[in-house]
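File shown: query25.tsv (TSV, C-alpha atoms).
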```
chain	number	residue	atom	x	y	z
A	1	MET	CA	-29.32	59.59	-115.51
A	2	PRO	CA	-25.73	60.70	-114.64
A	3	VAL	CA	-24.93	64.43	-114.72
A	4	GLY	CA	-21.97	65.42	-116.90
A	5	PRO	CA	-19.48	68.24	-116.21
A	6	LEU	CA	-21.04	70.58	-118.81
A	7	THR	CA	-24.51	70.34	-117.29
A	8	PHE	CA	-23.07	70.87	-113.82
A	9	ARG	CA	-21.32	74.03	-114.96
A	10	VAL	CA	-24.50	75.43	-116.58
A	11	VAL	CA	-26.58	74.76	-113.47
A	12	CYS	CA	-24.00	76.33	-111.19
A	13	GLY	CA	-23.73	79.41	-113.40
A	14	GLY	CA	-27.51	79.93	-113.48
A	15	PHE	CA	-27.77	79.35	-109.71
A	16	VAL	CA	-25.07	81.93	-108.97
A	17	THR	CA	-26.75	84.47	-111.25
A	18	VAL	CA	-30.12	84.02	-109.57
A	19	PHE	CA	-28.55	84.12	-106.10
A	20	VAL	CA	-26.66	87.35	-106.83
A	21	ASN	CA	-29.80	89.08	-108.20
A	22	PHE	CA	-31.81	87.95	-105.20
A	23	MET	CA	-29.26	89.30	-102.76
A	24	TYR	CA	-28.98	92.55	-104.71
A	25	LYS	CA	-32.71	93.20	-104.37
A	26	ARG	CA	-32.66	92.46	-100.64
A	27	VAL	CA	-29.75	94.77	-100.09
A	28	LEU	CA	-31.43	97.49	-102.18
A	29	VAL	CA	-34.50	97.34	-100.00
A	30	TYR	CA	-32.35	97.39	-96.90
A	31	ARG	CA	-30.39	100.37	-98.23
A	32	LEU	CA	-33.40	102.62	-98.63
A	33	SER	CA	-33.81	102.53	-94.87
A	34	HIS	CA	-30.31	102.10	-93.37
A	35	VAL	CA	-27.33	101.91	-95.79
A	36	ASN	CA	-25.66	104.94	-97.25
A	37	THR	CA	-24.56	105.32	-100.89
A	38	VAL	CA	-20.84	104.46	-100.34
A	39	LYS	CA	-21.56	101.20	-98.61
A	40	LEU	CA	-24.14	100.28	-101.20
A	41	CYS	CA	-21.66	100.82	-104.02
A	42	SER	CA	-19.03	98.71	-102.31
A	43	LEU	CA	-21.54	95.90	-101.77
A	44	ARG	CA	-22.59	96.04	-105.42
A	45	LEU	CA	-18.98	95.86	-106.48
A	46	SER	CA	-18.35	92.85	-104.20
A	47	PHE	CA	-21.32	90.94	-105.56
A	48	ALA	CA	-20.28	91.74	-109.08
A	49	LEU	CA	-16.78	90.44	-108.46
A	50	VAL	CA	-18.15	87.25	-106.82
A	51	PHE	CA	-20.50	86.71	-109.73
A	52	LEU	CA	-17.68	87.22	-112.25
A	53	ILE	CA	-15.25	84.85	-110.46
A	54	ALA	CA	-17.87	82.14	-109.97
A	55	THR	CA	-18.98	82.35	-113.60
A	56	LEU	CA	-15.39	82.13	-114.81
A	57	LEU	CA	-14.64	79.13	-112.55
A	58	HIS	CA	-17.68	77.14	-113.62
A	59	ARG	CA	-17.20	77.84	-117.27
A	60	SER	CA	-13.47	77.09	-117.26
A	61	GLY	CA	-14.10	73.33	-116.57
A	62	ASP	CA	-11.94	73.21	-113.36
A	63	VAL	CA	-14.85	72.33	-111.03
A	64	GLU	CA	-16.74	69.01	-111.21
A	65	LEU	CA	-19.67	67.55	-109.34
A	66	ASN	CA	-17.66	64.87	-107.45
A	67	PRO	CA	-13.89	65.05	-107.86
A	68	GLY	CA	-12.60	61.45	-107.54
A	69	PRO	CA	-9.38	59.82	-108.65
A	70	PRO	CA	-6.77	61.76	-110.64
A	71	PRO	CA	-7.95	62.88	-114.07
A	72	MET	CA	-7.69	60.34	-116.86
A	73	ASN	CA	-7.95	60.52	-120.59
A	74	GLY	CA	-11.06	59.83	-122.62
A	75	ASN	CA	-10.10	56.25	-123.54
A	76	THR	CA	-9.64	55.12	-119.95
A	77	ARG	CA	-12.90	56.75	-118.86
A	78	GLN	CA	-14.76	55.17	-121.76
A	79	THR	CA	-13.30	51.73	-120.95
A	80	ARG	CA	-14.39	52.02	-117.32
A	81	LEU	CA	-17.91	53.01	-118.31
A	82	GLN	CA	-18.15	50.04	-120.64
A	83	THR	CA	-16.91	47.68	-117.89
A	84	ASN	CA	-19.45	49.03	-115.41
A	85	ASN	CA	-22.26	48.69	-117.97
A	86	ARG	CA	-21.19	45.12	-118.72
A	87	SER	CA	-21.12	44.23	-115.00
A	88	LEU	CA	-24.58	45.69	-114.54
A	89	SER	CA	-25.87	43.70	-117.49
A	90	VAL	CA	-24.37	40.43	-116.12
A	91	ASP	CA	-25.87	41.05	-112.67
A	92	ASN	CA	-29.28	41.69	-114.18
A	93	ILE	CA	-29.02	38.49	-116.22
A	94	ASP	CA	-28.01	36.43	-113.15
A	95	ARG	CA	-30.83	37.83	-111.08
A	96	THR	CA	-33.32	37.17	-113.84
A	97	SER	CA	-32.11	33.56	-114.33
A	98	ALA	CA	-32.12	32.93	-110.59
A	99	ARG	CA	-35.65	34.31	-110.34
A	100	ASN	CA	-36.77	32.12	-113.24
A	101	GLU	CA	-35.16	29.01	-111.78
A	102	GLY	CA	-36.67	29.69	-108.36
A	103	SER	CA	-40.06	30.05	-109.90
A	104	VAL	CA	-39.65	26.68	-111.63
A	105	GLN	CA	-38.20	24.66	-108.62
A	106	GLU	CA	-40.15	26.26	-105.79
A	107	PRO	CA	-41.95	23.46	-103.85
A	108	SER	CA	-45.54	23.68	-102.85
A	109	LEU	CA	-46.92	23.55	-99.31
A	110	SER	CA	-48.11	19.96	-99.76
A	111	ASP	CA	-44.62	18.93	-100.84
A	112	VAL	CA	-43.15	20.56	-97.73
A	113	MET	CA	-45.74	18.89	-95.47
A	114	GLN	CA	-45.08	15.51	-97.11
A	115	LEU	CA	-41.33	15.94	-96.63
A	116	LEU	CA	-41.82	16.90	-92.98
A	117	SER	CA	-44.13	13.91	-92.48
A	118	GLY	CA	-41.50	11.55	-93.92
A	119	MET	CA	-38.84	13.08	-91.72
A	120	LYS	CA	-41.11	12.68	-88.71
A	121	GLN	CA	-41.69	9.00	-89.46
A	122	ASP	CA	-37.98	8.44	-89.96
A	123	MET	CA	-37.20	10.16	-86.67
A	124	ASN	CA	-39.88	8.13	-84.87
A	125	GLN	CA	-38.39	4.91	-86.23
A	126	ARG	CA	-34.94	5.96	-85.15
A	127	PHE	CA	-36.20	6.89	-81.70
A	128	ASP	CA	-37.98	3.54	-81.41
A	129	THR	CA	-34.80	1.71	-82.43
A	130	LEU	CA	-32.73	3.76	-80.01
A	131	SER	CA	-35.27	3.10	-77.25
A	132	GLY	CA	-35.03	-0.64	-77.93
A	133	HIS	CA	-31.25	-0.48	-77.77
A	134	LEU	CA	-31.45	1.47	-74.51
A	135	ASP	CA	-33.82	-1.11	-73.02
A	136	THR	CA	-31.44	-3.91	-74.03
A	137	LEU	CA	-28.53	-1.97	-72.58
A	138	ASN	CA	-30.42	-1.39	-69.34
A	139	ASP	CA	-31.18	-5.10	-69.09
A	140	SER	CA	-27.52	-5.92	-69.69
A	141	VAL	CA	-26.43	-3.38	-67.09
A	142	CYS	CA	-28.91	-4.79	-64.59
A	143	GLY	CA	-27.63	-8.30	-65.28
A	144	LEU	CA	-24.04	-7.18	-64.88
A	145	ARG	CA	-24.92	-5.36	-61.68
A	146	ASN	CA	-26.49	-8.51	-60.29
A	147	GLU	CA	-23.47	-10.58	-61.30
A	148	VAL	CA	-21.11	-8.05	-59.73
A	149	THR	CA	-23.17	-8.09	-56.54
A	150	GLN	CA	-23.07	-11.88	-56.49
A	151	LEU	CA	-19.32	-11.86	-57.11
A	152	ALA	CA	-18.85	-9.31	-54.34
A	153	ARG	CA	-20.75	-11.58	-51.96
A	154	GLU	CA	-18.68	-14.58	-53.00
A	155	VAL	CA	-15.46	-12.60	-52.60
A	156	GLU	CA	-16.56	-11.46	-49.16
A	157	GLU	CA	-17.37	-15.04	-48.20
A	158	MET	CA	-14.01	-16.21	-49.55
A	159	ARG	CA	-12.29	-13.42	-47.61
A	160	ASN	CA	-14.03	-14.51	-44.43
A	161	GLU	CA	-13.13	-18.13	-45.10
A	162	ASN	CA	-9.55	-17.09	-45.80
A	163	GLU	CA	-9.36	-15.20	-42.53
A	164	GLN	CA	-10.80	-18.19	-40.75
A	165	LEU	CA	-8.29	-20.49	-42.45
A	166	LYS	CA	-5.46	-18.14	-41.49
A	167	ALA	CA	-6.61	-18.19	-37.88
A	168	GLU	CA	-6.85	-21.98	-37.97
A	169	ASN	CA	-3.44	-22.18	-39.63
A	170	ARG	CA	-1.90	-19.99	-36.92
A	171	GLU	CA	-3.56	-22.12	-34.29
A	172	LEU	CA	-2.32	-25.32	-35.93
A	173	THR	CA	1.17	-23.85	-36.29
A	174	ASP	CA	1.24	-22.97	-32.61
A	175	LYS	CA	-0.01	-26.44	-31.74
A	176	LEU	CA	2.54	-28.05	-34.04
A	177	THR	CA	5.32	-26.00	-32.48
A	178	GLU	CA	4.13	-27.01	-29.07
A	179	VAL	CA	3.95	-30.68	-30.15
A	180	GLU	CA	7.45	-30.47	-31.63
A	181	LYS	CA	8.73	-29.02	-28.38
A	182	LYS	CA	7.02	-31.80	-26.44
A	183	LEU	CA	8.40	-34.45	-28.78
A	184	ASP	CA	11.84	-32.95	-28.56
A	185	ASP	CA	11.58	-32.88	-24.77
A	186	LEU	CA	10.32	-36.46	-24.76
A	187	GLU	CA	13.17	-37.52	-27.03
A	188	GLY	CA	15.62	-35.73	-24.76
A	189	ARG	CA	14.18	-37.45	-21.73
A	190	SER	CA	14.43	-40.82	-23.48
A	191	LYS	CA	18.12	-40.08	-24.13
A	192	ARG	CA	18.71	-38.72	-20.68
A	193	ASN	CA	20.75	-41.77	-19.57
A	194	ASN	CA	22.75	-42.05	-22.82
A	195	LEU	CA	26.40	-41.28	-23.42
A	196	ILE	CA	28.25	-41.33	-26.71
A	197	PHE	CA	31.84	-42.66	-26.81
A	198	THR	CA	33.90	-41.65	-29.83
A	199	GLY	CA	37.27	-43.22	-30.68
A	200	LEU	CA	36.76	-46.63	-29.04
A	201	GLN	CA	37.97	-49.44	-31.28
A	202	LYS	CA	38.90	-53.09	-30.80
A	203	GLN	CA	42.55	-53.98	-31.04
A	204	THR	CA	41.74	-56.82	-33.46
A	205	GLN	CA	39.31	-55.86	-36.19
A	206	ALA	CA	36.48	-58.39	-36.66
A	207	ASP	CA	33.91	-58.73	-39.36
A	208	TYR	CA	31.15	-58.74	-36.78
A	209	GLU	CA	30.98	-56.85	-33.50
A	210	SER	CA	28.25	-57.81	-31.02
A	211	TRP	CA	26.66	-55.70	-28.29
A	212	GLU	CA	28.72	-57.54	-25.69
A	213	ASP	CA	31.91	-56.49	-27.47
A	214	CYS	CA	30.83	-52.87	-27.44
A	215	GLU	CA	29.84	-53.06	-23.77
A	216	LYS	CA	33.24	-54.59	-22.85
A	217	LEU	CA	35.03	-51.72	-24.60
A	218	VAL	CA	33.05	-49.20	-22.55
A	219	GLN	CA	33.59	-51.10	-19.29
A	220	ASP	CA	37.35	-51.27	-19.89
A	221	LEU	CA	37.43	-47.52	-20.57
A	222	ILE	CA	35.52	-46.77	-17.35
A	223	HIS	CA	37.74	-49.05	-15.21
A	224	ASN	CA	41.14	-48.33	-16.77
A	225	GLN	CA	40.97	-44.72	-17.99
A	226	LEU	CA	38.34	-43.12	-15.76
A	227	LYS	CA	39.37	-45.07	-12.64
A	228	ILE	CA	35.84	-46.06	-11.59
A	229	PRO	CA	36.07	-49.48	-9.90
A	230	ASP	CA	32.36	-50.10	-9.52
A	231	ASP	CA	30.56	-52.41	-11.88
A	232	ILE	CA	28.25	-50.12	-13.90
A	233	GLN	CA	25.13	-51.58	-15.42
A	234	PHE	CA	23.95	-50.79	-18.97
A	235	ASP	CA	20.59	-51.34	-20.63
A	236	ARG	CA	22.13	-51.40	-24.08
A	237	VAL	CA	25.45	-50.62	-25.77
A	238	HIS	CA	25.95	-50.59	-29.56
A	239	ARG	CA	27.55	-48.80	-32.50
A	240	MET	CA	25.55	-46.02	-34.09
A	241	ARG	CA	26.38	-47.49	-37.53
A	242	LYS	CA	27.74	-50.77	-38.79
A	243	ASP	CA	31.12	-49.18	-39.29
A	244	PRO	CA	33.52	-50.41	-36.55
A	245	LYS	CA	34.95	-46.87	-36.31
A	246	SER	CA	31.60	-45.22	-35.67
A	247	PRO	CA	30.73	-43.88	-32.18
A	248	ILE	CA	29.30	-46.17	-29.50
A	249	ILE	CA	26.10	-45.16	-27.73
A	250	ALA	CA	25.61	-46.57	-24.22
A	251	ARG	CA	22.37	-46.39	-22.26
A	252	PHE	CA	23.06	-46.47	-18.51
A	253	THR	CA	20.66	-48.20	-16.18
A	254	ASN	CA	21.26	-45.63	-13.46
A	255	PHE	CA	21.37	-41.89	-14.21
A	256	LYS	CA	23.85	-41.36	-11.35
A	257	ASP	CA	26.35	-43.71	-13.01
A	258	LYS	CA	26.12	-41.64	-16.16
A	259	GLN	CA	26.85	-38.45	-14.19
A	260	ARG	CA	29.89	-40.09	-12.52
A	261	VAL	CA	31.31	-41.01	-15.90
A	262	LEU	CA	30.79	-37.43	-17.20
A	263	LYS	CA	32.58	-35.96	-14.20
A	264	GLN	CA	35.58	-38.26	-14.69
A	265	LYS	CA	35.97	-37.73	-18.46
A	266	ARG	CA	38.58	-35.01	-17.84
A	267	LYS	CA	41.02	-37.79	-16.94
A	268	LEU	CA	41.06	-38.90	-20.58
A	269	SER	CA	43.38	-36.02	-21.42
A	270	GLU	CA	45.97	-37.24	-18.88
A	271	THR	CA	47.01	-40.20	-21.03
A	272	ALA	CA	48.03	-40.39	-24.67
A	273	GLU	CA	45.59	-43.21	-25.31
A	274	GLY	CA	42.71	-41.37	-23.72
A	275	SER	CA	43.36	-38.13	-25.59
A	276	THR	CA	41.84	-39.65	-28.74
A	277	ILE	CA	38.62	-40.62	-26.98
A	278	PHE	CA	35.70	-38.24	-26.46
A	279	ILE	CA	32.65	-38.67	-24.22
A	280	GLY	CA	29.51	-36.65	-24.79
A	281	GLU	CA	25.81	-36.66	-24.02
A	282	ASP	CA	23.16	-37.88	-26.44
A	283	PHE	CA	20.72	-35.09	-27.30
A	284	SER	CA	17.68	-34.80	-29.54
A	285	LYS	CA	17.94	-33.27	-33.01
A	286	GLY	CA	16.53	-29.90	-31.90
A	287	VAL	CA	18.94	-29.64	-29.00
A	288	ARG	CA	21.89	-30.61	-31.20
A	289	GLU	CA	21.03	-27.79	-33.65
A	290	VAL	CA	20.80	-25.28	-30.80
A	291	ARG	CA	24.10	-26.45	-29.35
A	292	LYS	CA	25.80	-26.01	-32.74
A	293	LYS	CA	24.62	-22.39	-32.80
A	294	LEU	CA	25.80	-21.85	-29.23
A	295	VAL	CA	29.35	-23.09	-29.90
A	296	PRO	CA	30.65	-19.71	-31.33
A	297	PHE	CA	29.26	-17.83	-28.31
A	298	LEU	CA	30.86	-20.35	-25.96
A	299	LYS	CA	34.24	-19.86	-27.66
A	300	ASN	CA	33.96	-16.10	-27.39
A	301	ALA	CA	33.10	-16.37	-23.71
A	302	LYS	CA	36.06	-18.69	-23.03
A	303	ALA	CA	38.40	-16.31	-24.85
A	304	ASP	CA	38.28	-14.14	-21.71
A	305	PRO	CA	40.14	-15.98	-18.91
A	306	LYS	CA	38.00	-14.23	-16.32
A	307	ASN	CA	34.85	-16.01	-17.57
A	308	ASN	CA	33.75	-19.39	-16.33
A	309	ALA	CA	31.71	-20.67	-19.31
A	310	ARG	CA	30.29	-24.05	-20.15
A	311	MET	CA	27.42	-25.50	-22.19
A	312	VAL	CA	24.65	-27.28	-20.34
A	313	TYR	CA	22.02	-29.05	-22.40
A	314	ASP	CA	20.57	-26.29	-24.66
A	315	HIS	CA	21.96	-23.19	-22.93
A	316	LEU	CA	25.17	-21.56	-21.79
A	317	VAL	CA	26.23	-20.94	-18.22
A	318	ILE	CA	28.60	-17.96	-18.01
A	319	ASN	CA	29.73	-16.85	-14.55
A	320	GLY	CA	26.64	-18.45	-13.03
A	321	LYS	CA	24.18	-16.80	-15.49
A	322	ARG	CA	22.12	-18.74	-18.02
A	323	PHE	CA	21.95	-17.62	-21.66
A	324	TYR	CA	19.63	-19.06	-24.32
A	325	TYR	CA	19.82	-18.79	-28.10
A	326	ASP	CA	17.40	-16.27	-29.67
A	327	PRO	CA	16.50	-17.20	-33.30
A	328	VAL	CA	15.00	-13.75	-33.96
A	329	SER	CA	18.17	-11.77	-33.25
A	330	ASN	CA	20.52	-14.71	-33.96
A	331	GLY	CA	22.17	-14.06	-30.62
A	332	ILE	CA	21.95	-15.08	-26.98
A	333	LYS	CA	19.77	-13.59	-24.27
A	334	GLU	CA	20.00	-13.94	-20.57
A	335	LYS	CA	17.18	-15.83	-18.92
A	336	SER	CA	15.16	-13.49	-16.73
```

Mind turning the file's structure into structure tokens?
Amino acid sequence: MPVGPLTFRVVCGGFVTVFVNFMYKRVLVYRLSHVNTVKLCSLRLSFALVFLIATLLHRSGDVELNPGPPPMNGNTRQTRLQTNNRSLSVDNIDRTSARNEGSVQEPSLSDVMQLLSGMKQDMNQRFDTLSGHLDTLNDSVCGLRNEVTQLAREVEEMRNENEQLKAENRELTDKLTEVEKKLDDLEGRSKRNNLIFTGLQKQTQADYESWEDCEKLVQDLIHNQLKIPDDIQFDRVHRMRKDPKSPIIARFTNFKDKQRVLKQKRKLSETAEGSTIFIGEDFSKGVREVRKKLVPFLKNAKADPKNNARMVYDHLVINGKRFYYDPVSNGIKEKS
């Protein structure tokens, strides 16, 4: 039960009165043995003043049990008390209703055990299902691992076969290059006795020109322009195409006769008629391509009057040194 301000004041007043009387008796006893009359009177007066001040303070209403917020009027205090009482009543009602509801819905031990048993069965089923899925997944992973292993073996075999094919391809390429060189050399040897005459034409154009006509043109050139009196034998003389203006290719029976004609071809430039005629060797396709690439280097070498440069077969001879075309650097290199 809360203590009001009036009750607090009454209790404090009675307590102070009792305390003062108690102290007075103790001091009186003590005085009989030690304290003189003057000191005892002053002590009595002090206690009397303390008792008077304390009684006046408690009875004036200025001291309360627990001073809290600033003082408020009676209406505000009454309203707060009513609010607190109402809150306490609502809390009591809620606790009572909650206790009643709990007493009605509280499950028994058998219900809890049954619920736990159902949950256990459900969890077992889920674990069994998960275990089945894991087994299936493991089987799939094992199958995939086997397939990957098999594929790795096949890839390794294919890699080995590829390396073997590359080696065989390199070997075949080297052999093919060697065969091409041999064929080119064989073709060059077969054309070793050939000379090509460009610019030789009959004075009277005919619809048909036989081999004998072509051979007579070459013989006349050799006797009249090159001044070679000997009778030179040919295996075959013919136009390279059916066009009467196309070059004539002549195959000499004797290689020395061919060399004599080549040495005397410089005399063609001495006459106006011979200046339009050109004599050259017959080379294979590979040699012709190399000679085309050597022409710019030959011109550069001849640009210097101090150089003695000429083209011989598939190489250049410059001041007595032989230079061959290098396809890697697209230049010429001196033969070591």

Original post:
Nearest to A:Gln264 among A:Ser284, A:Gln225, A:Asn330, A:Ser140, with distances taken over only C-alpha atoms: which residue is it?
Top reply: A:Gln225

Subject >> Who sits within 12 Å of stretch 305-309 of chain A, only C-alpha atoms, same chain under 5 positions skipped, as a list in words >> reply: Leu294, Val295, Phe297, Leu298, Lys299, Asn300, His315, Leu316, Val317, Ile318, Asn319, Gly320, Lys321, Arg322 and Phe323 of chain A

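If you look at atom CA of A:Thr276 and atom CA of A:Asn254, they are 26.3 Å away from each other.
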
Original post:
If you measure from atom CA of A:Asn146 to atom CA of A:Glu161, what distance in Å do you get, rounded to one decimal?
Top reply: 22.4 Å

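Atom to atom, atom CA of A:Ser336 and atom CA of A:Val312 stand 17.1 Å apart.
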
Neighbour residues at most 10 Å from (25.7, -43.8, -28.6) (all atoms listed in the file) as a PDB file with C-alpha atoms, keeping the file's coordinate frame:
```
ATOM      1  CA  LYS A 191      18.120 -40.080 -24.130  1.00  0.00           C
ATOM      2  CA  ASN A 194      22.750 -42.050 -22.820  1.00  0.00           C
ATOM      3  CA  LEU A 195      26.400 -41.280 -23.420  1.00  0.00           C
ATOM      4  CA  ILE A 196      28.250 -41.330 -26.710  1.00  0.00           C
ATOM      5  CA  PHE A 197      31.840 -42.660 -26.810  1.00  0.00           C
ATOM      6  CA  THR A 198      33.900 -41.650 -29.830  1.00  0.00           C
ATOM      7  CA  ARG A 236      22.130 -51.400 -24.080  1.00  0.00           C
ATOM      8  CA  VAL A 237      25.450 -50.620 -25.770  1.00  0.00           C
ATOM      9  CA  HIS A 238      25.950 -50.590 -29.560  1.00  0.00           C
ATOM     10  CA  ARG A 239      27.550 -48.800 -32.500  1.00  0.00           C
ATOM     11  CA  MET A 240      25.550 -46.020 -34.090  1.00  0.00           C
ATOM     12  CA  ARG A 241      26.380 -47.490 -37.530  1.00  0.00           C
ATOM     13  CA  SER A 246      31.600 -45.220 -35.670  1.00  0.00           C
ATOM     14  CA  PRO A 247      30.730 -43.880 -32.180  1.00  0.00           C
ATOM     15  CA  ILE A 248      29.300 -46.170 -29.500  1.00  0.00           C
ATOM     16  CA  ILE A 249      26.100 -45.160 -27.730  1.00  0.00           C
ATOM     17  CA  ALA A 250      25.610 -46.570 -24.220  1.00  0.00           C
ATOM     18  CA  ARG A 251      22.370 -46.390 -22.260  1.00  0.00           C
ATOM     19  CA  ILE A 279      32.650 -38.670 -24.220  1.00  0.00           C
ATOM     20  CA  GLY A 280      29.510 -36.650 -24.790  1.00  0.00           C
ATOM     21  CA  GLU A 281      25.810 -36.660 -24.020  1.00  0.00           C
ATOM     22  CA  ASP A 282      23.160 -37.880 -26.440  1.00  0.00           C
TER      23      ASP A 282
END
```

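Restricting the calculation to all atoms listed in the file, the smallest distance between A:Ser190 and any of A:Phe283, A:Gln114, A:Asp257, A:Asn124 is found for A:Phe283.
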
Taking all atoms of stretch 236-244 of chain A that the file lists and extending 6 Å past them on each side, where is the centre of the axis-aligned box and how long are its edges? Answer in Å to one decimal, as JSON.
```
{"center_x": 27.8, "center_y": -48.7, "center_z": -31.7, "size_x": 23.4, "size_y": 17.4, "size_z": 27.2}
```

Using the partial input, fill out stretch 235-252 of chain A with N, CA and C atoms; write the result as a CSV table (one decimal), in the coordinates of the input.
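Here's the written file part-v7.csv:
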```
chain,number,residue,atom,x,y,z
A,235,ASP,N,21.8,-50.7,-20.0
A,235,ASP,CA,20.6,-51.3,-20.6
A,235,ASP,C,20.9,-51.8,-22.0
A,236,ARG,N,21.8,-51.0,-22.7
A,236,ARG,CA,22.1,-51.4,-24.1
A,236,ARG,C,23.4,-50.6,-24.5
A,237,VAL,N,24.2,-51.3,-25.2
A,237,VAL,CA,25.4,-50.6,-25.8
A,237,VAL,C,25.6,-51.1,-27.2
A,238,HIS,N,25.8,-50.2,-28.2
A,238,HIS,CA,26.0,-50.6,-29.6
A,238,HIS,C,26.6,-49.4,-30.4
A,239,ARG,N,27.0,-49.8,-31.6
A,239,ARG,CA,27.6,-48.8,-32.5
A,239,ARG,C,26.4,-48.0,-33.1
A,240,MET,N,26.6,-46.8,-33.4
A,240,MET,CA,25.6,-46.0,-34.1
A,240,MET,C,25.4,-46.4,-35.5
A,241,ARG,N,26.4,-46.9,-36.2
A,241,ARG,CA,26.4,-47.5,-37.5
A,241,ARG,C,27.1,-48.8,-37.6
A,242,LYS,N,27.1,-49.5,-38.7
A,242,LYS,CA,27.7,-50.8,-38.8
A,242,LYS,C,29.2,-50.6,-38.9
A,243,ASP,N,29.7,-49.4,-39.2
A,243,ASP,CA,31.1,-49.2,-39.3
A,243,ASP,C,31.8,-49.4,-37.9
A,244,PRO,N,32.9,-50.2,-37.8
A,244,PRO,CA,33.5,-50.4,-36.6
A,244,PRO,C,34.2,-49.2,-36.0
A,245,LYS,N,34.3,-48.1,-36.8
A,245,LYS,CA,35.0,-46.9,-36.3
A,245,LYS,C,33.9,-45.8,-35.9
A,246,SER,N,32.7,-46.2,-36.0
A,246,SER,CA,31.6,-45.2,-35.7
A,246,SER,C,31.5,-45.1,-34.2
A,247,PRO,N,30.9,-44.0,-33.6
A,247,PRO,CA,30.7,-43.9,-32.2
A,247,PRO,C,29.9,-45.0,-31.6
A,248,ILE,N,30.1,-45.2,-30.3
A,248,ILE,CA,29.3,-46.2,-29.5
A,248,ILE,C,28.4,-45.4,-28.6
A,249,ILE,N,27.1,-45.8,-28.6
A,249,ILE,CA,26.1,-45.2,-27.7
A,249,ILE,C,25.7,-46.2,-26.6
A,250,ALA,N,25.9,-45.7,-25.4
A,250,ALA,CA,25.6,-46.6,-24.2
A,250,ALA,C,24.5,-46.0,-23.4
A,251,ARG,N,23.5,-46.8,-23.1
A,251,ARG,CA,22.4,-46.4,-22.3
A,251,ARG,C,22.6,-47.0,-20.8
A,252,PHE,N,22.8,-46.1,-19.9
A,252,PHE,CA,23.1,-46.5,-18.5
A,252,PHE,C,21.7,-46.8,-17.8
```
